[in-house]
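Chemist: Before anything else, here's the structure in question.
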Amino acid sequence: MATITKSIGTSGSRDYSSITAWEADLTNAGIYSSGDDAVGECYADSTFDESFLIDDNSFTRDLDSITLKANSSEKHNGTPDSGVKIVYTGTVSDSVAIWKVNYTTGTYGTNAVAIEDLEFADTTVSSSVNFYAIDLGINCTIMRRCLINNLKHSGHSSKLLKVFGPDSQKPKILNTMVFNCGHDNATSAGMSQGINIANDNDSQINNCTIHNIYTSSSDTYGINGGVAKNTIVTSCGSNFQVTGGASDYNLSDDSTAPGSNSPVKIEQVNTLYVSTTPGSENLHIKSSSPALRKGQNLGTTNGVQYDIDGYDRSSDEFRWDIGADQCNLCSVSDRPNSKFTNHFDLTQEMKHMSLSYF
Amino acid sequence: MELLVKINSVDGSSSYKDGDIVDVFSSDRTSFMHAEQICSVDNFALDPVTGLRTNDSLLMKFLERTCVYKFERVNSNDVLRTVIDTGTQDTINTTPNANGEYMNVYEYLTTILKRSRHTVFGTSGREIWYGGSKNPDLAAIWNDIETHSDKLKQDHSSWLFTAVEKRHLLVLNCCSHLCENDHYDHHCLDGSCHCELSEIPDLEAREKAAGVYGEAAAEHEAPPLIAKRKFQVPYWDHASSLSLDVDSIRNMNMEVDGRKNGVEVPAVQALTIDKVEAGIITL
């Protein structure tokens, strides 16, 4: 009944030099016992260039849970290349996700795997396969505060890109950003989809930000299936393909955001984020953003209160923002935020300013 | 390439089996890992006044080799963007361009500079940074490293396996043996042949750590996993040729490093077995 934390990185002083090696050693009876919680803590010594599969093999020691995350001092700050990054330059098989979780929930319990504070990025598939990047399994995984970007398919036009696929998976995706993924074949591109999951109440997308899922010539979706709350989807063709009745408090730049409390569509994306420029993406929301204070308080279940930067939304009185970022320093109008000036909070101040810079 | 091999089998038909190749490390993967560590931001100091990185460092050269774009702030609103490989330039600011791309540079830099491990160069108000990822030119990167540091590529050709990995898994290496008048199936494990040795390309190396999947039940569904790994190293059969002790390998308290040097590096065809071809896995 212990938490067994192992470090993963290439400095030579870690426990394992690759995520794959850590996963393979989860079966080691000399390390793990029944009921233990296994934690793999990644360090940004170098880029992790690998796929992984967490499955029944990983739970051989009857572990209670498995968490793969970034070390707290080396997690990303909501922008690319700022923390632990995972890419893959190997060959991809048809419809087999590069980063995958799939174990028997009837034996090991539901949502026993957590993936936190990692960046999955910069992976291009050029072969003629359906490219699924991430498969979190059916009620297997909670993904928190991850950054997923620049996953590209340059292969055949009849093949799909799904950032999350296949559509049978039922994950919990919380406070995660997905952006700039798609088919980049300029003349004959296939369909691109962002979060493509089962249309089921167990498929939950809470406080996520999805921007620019693209293709040159075919259909594109931001979210297809599941229940979406407090989520922004912009520049993804048909942004929301969500029919779940519980979906609400969502935002998009078309008329597809589901829910009676979802704000009307926004006319210009540049009112929302800090930067959408490729290579300098920053989807933190900015002052006057229509996402500010328009979300619903989703409580603390599964750690949904922690935004993309790890800021605890439940620690103050501000109404939740829509999307992965909570910006309490941002003013809702162009005027200074009266709440901020009345309630100076050093934690918030540090979250949004660089003392060394000034 | 170097390999990590599983010791002892795990219950379950699709789980790891004794001898499975867990992970592989091609020379390119290893070379880039070392280059990233040498050019790590942790090795380059911040200017104590501006809080920015110094221009013209090895870190800057590394980013020019690995990034698509260079960004230079020219005033409070405008950023000059250069595509490094072509020299093409445009200006980015708060007004979206034809592709909808825009940037509030003040807020952007505020976020980036919160982190002490940032890679922003230049001077306050004239910051320089890089972004976007491209396939790295390893030869050019190592030319920069060897020119601007005392590090040599030849000293950075081995993966940095950990002590735990050497105790719990088996570390080996292998390569291609290109032999004159020899047939394809070359079976040299102990370096007794007189063939030319060469590295195994990255994609070919990675195939050695691939899983085995069956047919998907329906189009666009994920195919079922048949076996965690397709290839294995029957180290118990090779122990004599590789001068390894099986008891030591299976003793989790002993570090074993089975890598060989120079002409002693075994042939990949001799070391590894395709479990499907060998009938160990039935599809």
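Going by the structure tokens order, chains are called A, B, ..., each with residues numbered from 1, while ligands are numbered from 1 in the order shown.
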DSSP on the backbone: which residues in range 77-246 of chain B end up as strand (DSSP E or B)? Give the answer as a PyMOL selection string.

Modeler: chain B and resi 79-83+89-92+103+121-123+126-133+169-173+175-178+196-198+212-213+225-227+231-232

Chemist: Those residues with N, CA and C atoms, as a compact mmCIF listing (two decimals), in the first residue's frame please?

Modeler:
```
# COMPACT_ATOMS: atom_id res chain seq x y z
N VAL B 79 6.76 41.49 -34.18
CA VAL B 79 7.77 40.44 -34.08
C VAL B 79 8.14 40.02 -35.50
N LEU B 80 9.43 40.04 -35.82
CA LEU B 80 9.90 39.58 -37.12
C LEU B 80 10.10 38.07 -37.05
N ARG B 81 9.39 37.36 -37.91
CA ARG B 81 9.50 35.90 -37.95
C ARG B 81 10.29 35.48 -39.18
N THR B 82 11.30 34.67 -38.99
CA THR B 82 12.13 34.18 -40.10
C THR B 82 12.06 32.66 -40.16
N VAL B 83 11.76 32.15 -41.35
CA VAL B 83 11.85 30.70 -41.55
C VAL B 83 13.34 30.40 -41.74
N GLN B 89 10.75 35.96 -44.47
CA GLN B 89 10.39 36.74 -43.28
C GLN B 89 9.00 37.35 -43.39
N ASP B 90 8.34 37.47 -42.26
CA ASP B 90 7.11 38.25 -42.18
C ASP B 90 7.01 38.83 -40.77
N THR B 91 6.02 39.68 -40.58
CA THR B 91 5.85 40.34 -39.28
C THR B 91 4.58 39.83 -38.62
N ILE B 92 4.71 39.48 -37.37
CA ILE B 92 3.58 39.00 -36.58
C ILE B 92 3.28 40.06 -35.51
N MET B 103 -0.06 37.48 -32.40
CA MET B 103 0.65 37.34 -31.13
C MET B 103 0.60 38.65 -30.35
N PHE B 121 16.77 34.98 -25.95
CA PHE B 121 18.06 35.65 -26.05
C PHE B 121 17.84 37.15 -26.29
N GLY B 122 18.93 37.87 -26.55
CA GLY B 122 18.84 39.26 -26.94
C GLY B 122 18.86 40.21 -25.76
N THR B 123 18.17 41.32 -25.92
CA THR B 123 18.09 42.33 -24.87
C THR B 123 16.63 42.67 -24.62
N ARG B 126 14.20 43.72 -27.28
CA ARG B 126 14.71 43.18 -28.55
C ARG B 126 15.01 41.68 -28.36
N GLU B 127 14.05 41.00 -27.81
CA GLU B 127 14.25 39.59 -27.49
C GLU B 127 14.27 38.72 -28.76
N ILE B 128 14.98 37.63 -28.66
CA ILE B 128 15.08 36.66 -29.76
C ILE B 128 14.73 35.28 -29.18
N TRP B 129 13.92 34.54 -29.91
CA TRP B 129 13.64 33.17 -29.49
C TRP B 129 13.34 32.30 -30.71
N TYR B 130 13.21 31.02 -30.49
CA TYR B 130 13.04 30.05 -31.57
C TYR B 130 11.82 29.18 -31.30
N GLY B 131 11.26 28.62 -32.36
CA GLY B 131 10.09 27.76 -32.16
C GLY B 131 9.82 26.89 -33.37
N GLY B 132 8.92 25.93 -33.18
CA GLY B 132 8.62 24.96 -34.23
C GLY B 132 9.71 23.91 -34.28
N SER B 133 9.37 22.72 -34.64
CA SER B 133 10.33 21.63 -34.63
C SER B 133 10.56 21.09 -36.04
N LEU B 169 17.21 -5.36 -16.14
CA LEU B 169 17.07 -5.72 -17.55
C LEU B 169 18.46 -6.07 -18.07
N LEU B 170 18.55 -6.50 -19.29
CA LEU B 170 19.85 -6.83 -19.87
C LEU B 170 20.20 -5.81 -20.95
N VAL B 171 21.34 -5.19 -20.81
CA VAL B 171 21.82 -4.21 -21.79
C VAL B 171 22.74 -4.92 -22.78
N LEU B 172 22.43 -4.81 -24.06
CA LEU B 172 23.25 -5.41 -25.12
C LEU B 172 23.43 -4.41 -26.26
N ASN B 173 24.27 -4.75 -27.20
CA ASN B 173 24.33 -3.98 -28.44
C ASN B 173 24.55 -4.92 -29.62
N CYS B 175 24.94 -4.78 -34.34
CA CYS B 175 25.07 -3.93 -35.53
C CYS B 175 24.90 -4.80 -36.76
N SER B 176 25.01 -4.19 -37.91
CA SER B 176 24.96 -4.95 -39.16
C SER B 176 26.36 -5.42 -39.51
N HIS B 177 26.48 -6.65 -39.93
CA HIS B 177 27.75 -7.18 -40.44
C HIS B 177 27.62 -7.28 -41.96
N LEU B 178 28.37 -6.48 -42.65
CA LEU B 178 28.33 -6.49 -44.11
C LEU B 178 29.53 -7.28 -44.61
N GLU B 196 32.62 -6.03 -42.51
CA GLU B 196 32.52 -4.61 -42.20
C GLU B 196 31.30 -4.39 -41.31
N LEU B 197 31.50 -3.66 -40.22
CA LEU B 197 30.40 -3.42 -39.28
C LEU B 197 29.80 -2.05 -39.53
N SER B 198 28.48 -1.96 -39.45
CA SER B 198 27.83 -0.65 -39.64
C SER B 198 26.62 -0.53 -38.72
N VAL B 212 3.06 -6.94 -31.50
CA VAL B 212 2.38 -7.74 -32.52
C VAL B 212 0.88 -7.55 -32.35
N TYR B 213 0.21 -7.14 -33.42
CA TYR B 213 -1.22 -6.86 -33.36
C TYR B 213 -1.97 -7.75 -34.35
N LEU B 225 -3.96 -6.49 -29.27
CA LEU B 225 -2.55 -6.82 -29.03
C LEU B 225 -2.40 -8.33 -28.89
N ILE B 226 -1.51 -8.89 -29.68
CA ILE B 226 -1.22 -10.32 -29.59
C ILE B 226 -0.03 -10.56 -28.65
N ALA B 227 0.97 -9.77 -28.82
CA ALA B 227 2.18 -9.92 -27.99
C ALA B 227 2.83 -8.56 -27.80
N PHE B 231 10.14 -9.22 -31.24
CA PHE B 231 11.51 -9.74 -31.29
C PHE B 231 12.03 -10.05 -29.89
N GLN B 232 12.87 -11.06 -29.83
CA GLN B 232 13.51 -11.39 -28.56
C GLN B 232 15.00 -11.68 -28.78
```

Chemist: Taking only C-alpha atoms into account and nothing else, which residues of chain A lie no more than 8 Å away from chain B? Please answer as a compact mmCIF listing (two decimals) with C-alpha atoms, in the first residue's frame.

Modeler:
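Contents of the output file iface.txt:
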```txt
# COMPACT_ATOMS: atom_id res chain seq x y z
CA THR A 10 18.62 10.46 -19.52
CA SER A 11 20.98 12.21 -17.13
CA GLY A 12 22.41 8.85 -16.09
CA SER A 13 21.38 9.37 -12.48
CA ARG A 14 17.68 8.53 -12.88
CA ASP A 15 16.08 5.17 -12.18
CA TYR A 16 15.17 4.57 -15.83
CA SER A 17 16.30 6.18 -19.07
CA THR A 20 9.25 2.11 -21.88
CA ALA A 21 11.90 0.72 -19.53
CA ALA A 24 8.49 -2.90 -18.42
CA ASP A 25 9.81 -2.99 -14.86
CA THR A 27 6.16 -6.17 -13.17
CA ASP A 45 17.02 15.80 -19.46
CA SER A 46 16.25 15.32 -23.15
CA THR A 47 13.23 14.73 -25.37
CA ASP A 49 11.38 9.85 -28.35
CA ASP A 56 -2.52 -5.54 -18.16
CA ASN A 57 1.20 -6.30 -18.21
CA THR A 60 0.77 -7.59 -13.11
CA ASN A 77 4.18 26.13 -18.53
CA THR A 79 3.66 26.57 -24.03
CA SER A 82 8.91 24.37 -21.87
CA GLY A 90 9.36 5.61 -35.39
CA THR A 91 7.01 3.74 -37.68
CA SER A 95 -5.05 2.47 -36.11
CA VAL A 96 -2.59 1.64 -33.31
CA ALA A 97 -2.14 4.68 -31.11
CA ASP A 122 6.12 17.21 -32.97
CA ASN A 130 -4.91 5.84 -39.96
CA PRO A 166 -10.26 5.37 -31.80
CA ASP A 167 -13.74 6.58 -30.96
CA SER A 168 -14.46 3.70 -28.56
CA ASN A 270 -7.64 36.89 -31.49
CA VAL A 274 -2.21 35.31 -26.19
CA SER A 275 -0.74 33.84 -29.40
CA THR A 276 -1.72 31.41 -32.13
CA THR A 277 1.49 31.84 -34.13
CA PRO A 278 3.07 28.47 -35.00
CA GLY A 279 6.32 28.10 -33.13
CA SER A 280 5.18 30.61 -30.51
CA ASN A 282 0.39 30.37 -26.22
CA LYS A 286 -5.87 37.23 -22.13
CA MET A 350 3.72 34.92 -9.68
CA LYS A 351 1.64 32.85 -12.05
CA HIS A 352 1.40 35.65 -14.53
CA MET A 353 4.53 37.72 -14.18
CA SER A 354 8.25 37.24 -14.47
CA LEU A 355 10.14 39.01 -11.77
CA SER A 356 13.45 38.37 -13.47
CA TYR A 357 12.08 39.83 -16.67
```

Chemist: What lies within 8 Å of range 314-322 of chain A using only C-alpha atoms, ignoring chain neighbours under 2 positions off, as number ranges by chain?

Modeler: A: 207-208, 230-232, 249-251, 291-297, 299-300, 305, 312, 324-328

Chemist: Quick one: distance from CA of Ser260 in chain A to CA of Ile197 in chain A in Å, one decimal?

Modeler: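 Atom-to-atom, CA of Ser260 in chain A and CA of Ile197 in chain A are spaced 22.4 Å apart.
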
Chemist: Please measure the separation of CA of Ser65 in chain A and CA of Ile8 in chain A, giving the value in Å to one decimal.

Modeler: 17.6 Å

Chemist: Could you give me, as a VMD selection string, the residues within 10 Å of Ser127 in chain A, counting only C-alpha atoms and dropping anything in the same chain fewer than 4 positions from it?

Modeler: chain A and resid 91 to 94 131 153 to 156 159

Chemist: Keeping C-alpha atoms for every residue in the selection just given, could you write it to a file as a PDB file, in the first residue's frame?

Modeler:
```pdb
ATOM      1  CA  THR A  91       7.010   3.743 -37.681  1.00  0.00           C
ATOM      2  CA  VAL A  92       3.290   3.916 -36.869  1.00  0.00           C
ATOM      3  CA  SER A  93       0.928   0.996 -37.471  1.00  0.00           C
ATOM      4  CA  ASP A  94      -2.575   1.435 -38.844  1.00  0.00           C
ATOM      5  CA  PHE A 131      -2.884   7.848 -37.471  1.00  0.00           C
ATOM      6  CA  HIS A 153      -0.290  13.380 -41.056  1.00  0.00           C
ATOM      7  CA  SER A 154       1.241  13.844 -44.466  1.00  0.00           C
ATOM      8  CA  GLY A 155       0.169  10.489 -45.826  1.00  0.00           C
ATOM      9  CA  HIS A 156      -2.635   9.284 -48.063  1.00  0.00           C
ATOM     10  CA  LYS A 159      -6.419   8.038 -44.043  1.00  0.00           C
TER      11      LYS A 159
END
```

Chemist: Near Thr256 in chain A, within 9 Å and counting only C-alpha atoms, which residues show up once chain neighbours fewer than 6 positions away are dropped, as number ranges by chain?

Modeler: A: 238-242, 265

Chemist: Could you turn the residues from that selection into a file that holds N, CA and C atoms, as a CSV table (one decimal), in the first residue's frame?

Modeler:
```
chain,number,residue,atom,x,y,z
A,238,SER,N,-15.8,22.0,-38.1
A,238,SER,CA,-16.9,21.9,-37.2
A,238,SER,C,-16.4,21.7,-35.8
A,239,ASN,N,-16.4,22.7,-34.9
A,239,ASN,CA,-15.7,22.6,-33.7
A,239,ASN,C,-16.2,21.5,-32.7
A,240,PHE,N,-17.5,21.6,-32.4
A,240,PHE,CA,-18.1,20.6,-31.5
A,240,PHE,C,-19.0,19.6,-32.3
A,241,GLN,N,-18.8,18.3,-32.2
A,241,GLN,CA,-19.8,17.3,-32.7
A,241,GLN,C,-20.2,16.6,-31.4
A,242,VAL,N,-20.8,17.2,-30.5
A,242,VAL,CA,-21.2,16.7,-29.2
A,242,VAL,C,-22.7,16.8,-29.0
A,265,LYS,N,-21.4,32.5,-30.0
A,265,LYS,CA,-20.1,32.3,-30.7
A,265,LYS,C,-19.3,33.5,-30.7
```

Chemist: Please indicate the distance in Å from CA of Ser158 in chain B to CA of Lys208 in chain B, rounded to one decimal place.

Modeler: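 Rounded to one decimal, the two atoms are 18.1 Å apart.
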
Chemist: Write out as a ChimeraX atom specification which residues come within 10 Å of range 103-114 of chain A when counting only C-alpha atoms, dropping same-chain ones fewer than 3 positions away.

Modeler: /A:37-39,53-60,62-69,100,136-144,170-172,302

Chemist: Only N, CA and C atoms, please: the residues just picked out, written as a compact mmCIF listing (two decimals), in the first residue's frame.

Modeler:
```txt
# COMPACT_ATOMS: atom_id res chain seq x y z
N ASP A 37 0.86 2.14 -5.37
CA ASP A 37 0.63 3.15 -6.40
C ASP A 37 1.97 3.44 -7.07
N ALA A 38 2.06 3.16 -8.35
CA ALA A 38 3.32 3.37 -9.07
C ALA A 38 3.31 4.74 -9.75
N VAL A 39 4.39 5.48 -9.56
CA VAL A 39 4.51 6.81 -10.17
C VAL A 39 5.80 6.87 -10.98
N LEU A 53 2.89 1.75 -24.10
CA LEU A 53 1.62 1.04 -23.90
C LEU A 53 1.53 0.62 -22.44
N ILE A 54 0.54 1.16 -21.75
CA ILE A 54 0.27 0.75 -20.38
C ILE A 54 -0.94 -0.18 -20.44
N ASP A 55 -0.73 -1.45 -20.08
CA ASP A 55 -1.78 -2.45 -20.25
C ASP A 55 -1.80 -3.42 -19.07
N ASP A 56 -2.44 -4.56 -19.25
CA ASP A 56 -2.52 -5.54 -18.16
C ASP A 56 -1.14 -5.95 -17.67
N ASN A 57 -0.17 -6.00 -18.60
CA ASN A 57 1.20 -6.30 -18.21
C ASN A 57 1.68 -5.36 -17.10
N SER A 58 1.30 -4.08 -17.24
CA SER A 58 1.75 -3.06 -16.29
C SER A 58 1.14 -3.28 -14.91
N PHE A 59 -0.03 -3.91 -14.86
CA PHE A 59 -0.74 -4.13 -13.59
C PHE A 59 -0.48 -5.52 -13.01
N THR A 60 0.51 -6.22 -13.54
CA THR A 60 0.77 -7.59 -13.11
C THR A 60 0.92 -7.70 -11.59
N ASP A 62 -0.65 -6.22 -9.44
CA ASP A 62 -1.90 -5.82 -8.81
C ASP A 62 -1.80 -4.42 -8.20
N LEU A 63 -1.25 -3.52 -8.97
CA LEU A 63 -1.10 -2.14 -8.52
C LEU A 63 -2.47 -1.47 -8.40
N ASP A 64 -2.58 -0.55 -7.46
CA ASP A 64 -3.81 0.23 -7.33
C ASP A 64 -3.91 1.29 -8.41
N SER A 65 -2.79 1.89 -8.72
CA SER A 65 -2.81 2.95 -9.74
C SER A 65 -1.43 3.09 -10.37
N ILE A 66 -1.42 3.66 -11.55
CA ILE A 66 -0.18 3.97 -12.27
C ILE A 66 -0.28 5.42 -12.74
N THR A 67 0.70 6.22 -12.38
CA THR A 67 0.73 7.61 -12.80
C THR A 67 2.01 7.89 -13.57
N LEU A 68 1.87 8.49 -14.73
CA LEU A 68 3.02 8.94 -15.51
C LEU A 68 2.93 10.45 -15.58
N LYS A 69 3.96 11.13 -15.09
CA LYS A 69 3.85 12.58 -15.02
C LYS A 69 5.22 13.24 -15.12
N LYS A 100 -0.58 4.77 -25.62
CA LYS A 100 -1.83 4.03 -25.42
C LYS A 100 -1.95 3.48 -24.01
N LEU A 136 -6.68 6.44 -24.77
CA LEU A 136 -6.68 6.36 -23.30
C LEU A 136 -7.55 5.22 -22.77
N GLY A 137 -8.09 4.39 -23.68
CA GLY A 137 -8.83 3.21 -23.25
C GLY A 137 -10.24 3.54 -22.77
N ILE A 138 -10.95 2.49 -22.38
CA ILE A 138 -12.34 2.64 -21.94
C ILE A 138 -12.37 2.69 -20.42
N ASN A 139 -12.64 3.86 -19.91
CA ASN A 139 -12.66 4.10 -18.45
C ASN A 139 -11.35 3.68 -17.79
N CYS A 140 -10.26 3.91 -18.49
CA CYS A 140 -8.94 3.54 -17.98
C CYS A 140 -8.15 4.73 -17.44
N THR A 141 -8.35 5.93 -18.00
CA THR A 141 -7.34 6.98 -17.82
C THR A 141 -7.93 8.34 -17.52
N ILE A 142 -7.25 9.05 -16.64
CA ILE A 142 -7.50 10.48 -16.44
C ILE A 142 -6.27 11.23 -16.93
N MET A 143 -6.47 12.10 -17.90
CA MET A 143 -5.36 12.93 -18.40
C MET A 143 -5.54 14.34 -17.86
N ARG A 144 -4.49 14.85 -17.21
CA ARG A 144 -4.58 16.18 -16.61
C ARG A 144 -3.45 17.09 -17.13
N LYS A 170 -13.11 5.99 -23.67
CA LYS A 170 -13.91 6.80 -22.74
C LYS A 170 -12.96 7.38 -21.68
N PRO A 171 -12.30 8.44 -22.04
CA PRO A 171 -11.33 9.02 -21.10
C PRO A 171 -11.91 10.17 -20.30
N LYS A 172 -11.14 10.62 -19.32
CA LYS A 172 -11.39 11.89 -18.65
C LYS A 172 -10.22 12.79 -19.05
N ASN A 302 -11.52 14.38 -9.46
CA ASN A 302 -10.40 14.03 -10.36
C ASN A 302 -9.38 15.15 -10.52
```

Chemist: Could you find all residues in range 94-324 of chain A that DSSP calls alpha helix (DSSP H) from the backbone, and write them as a ChimeraX atom specification?

Modeler: /A:105-108
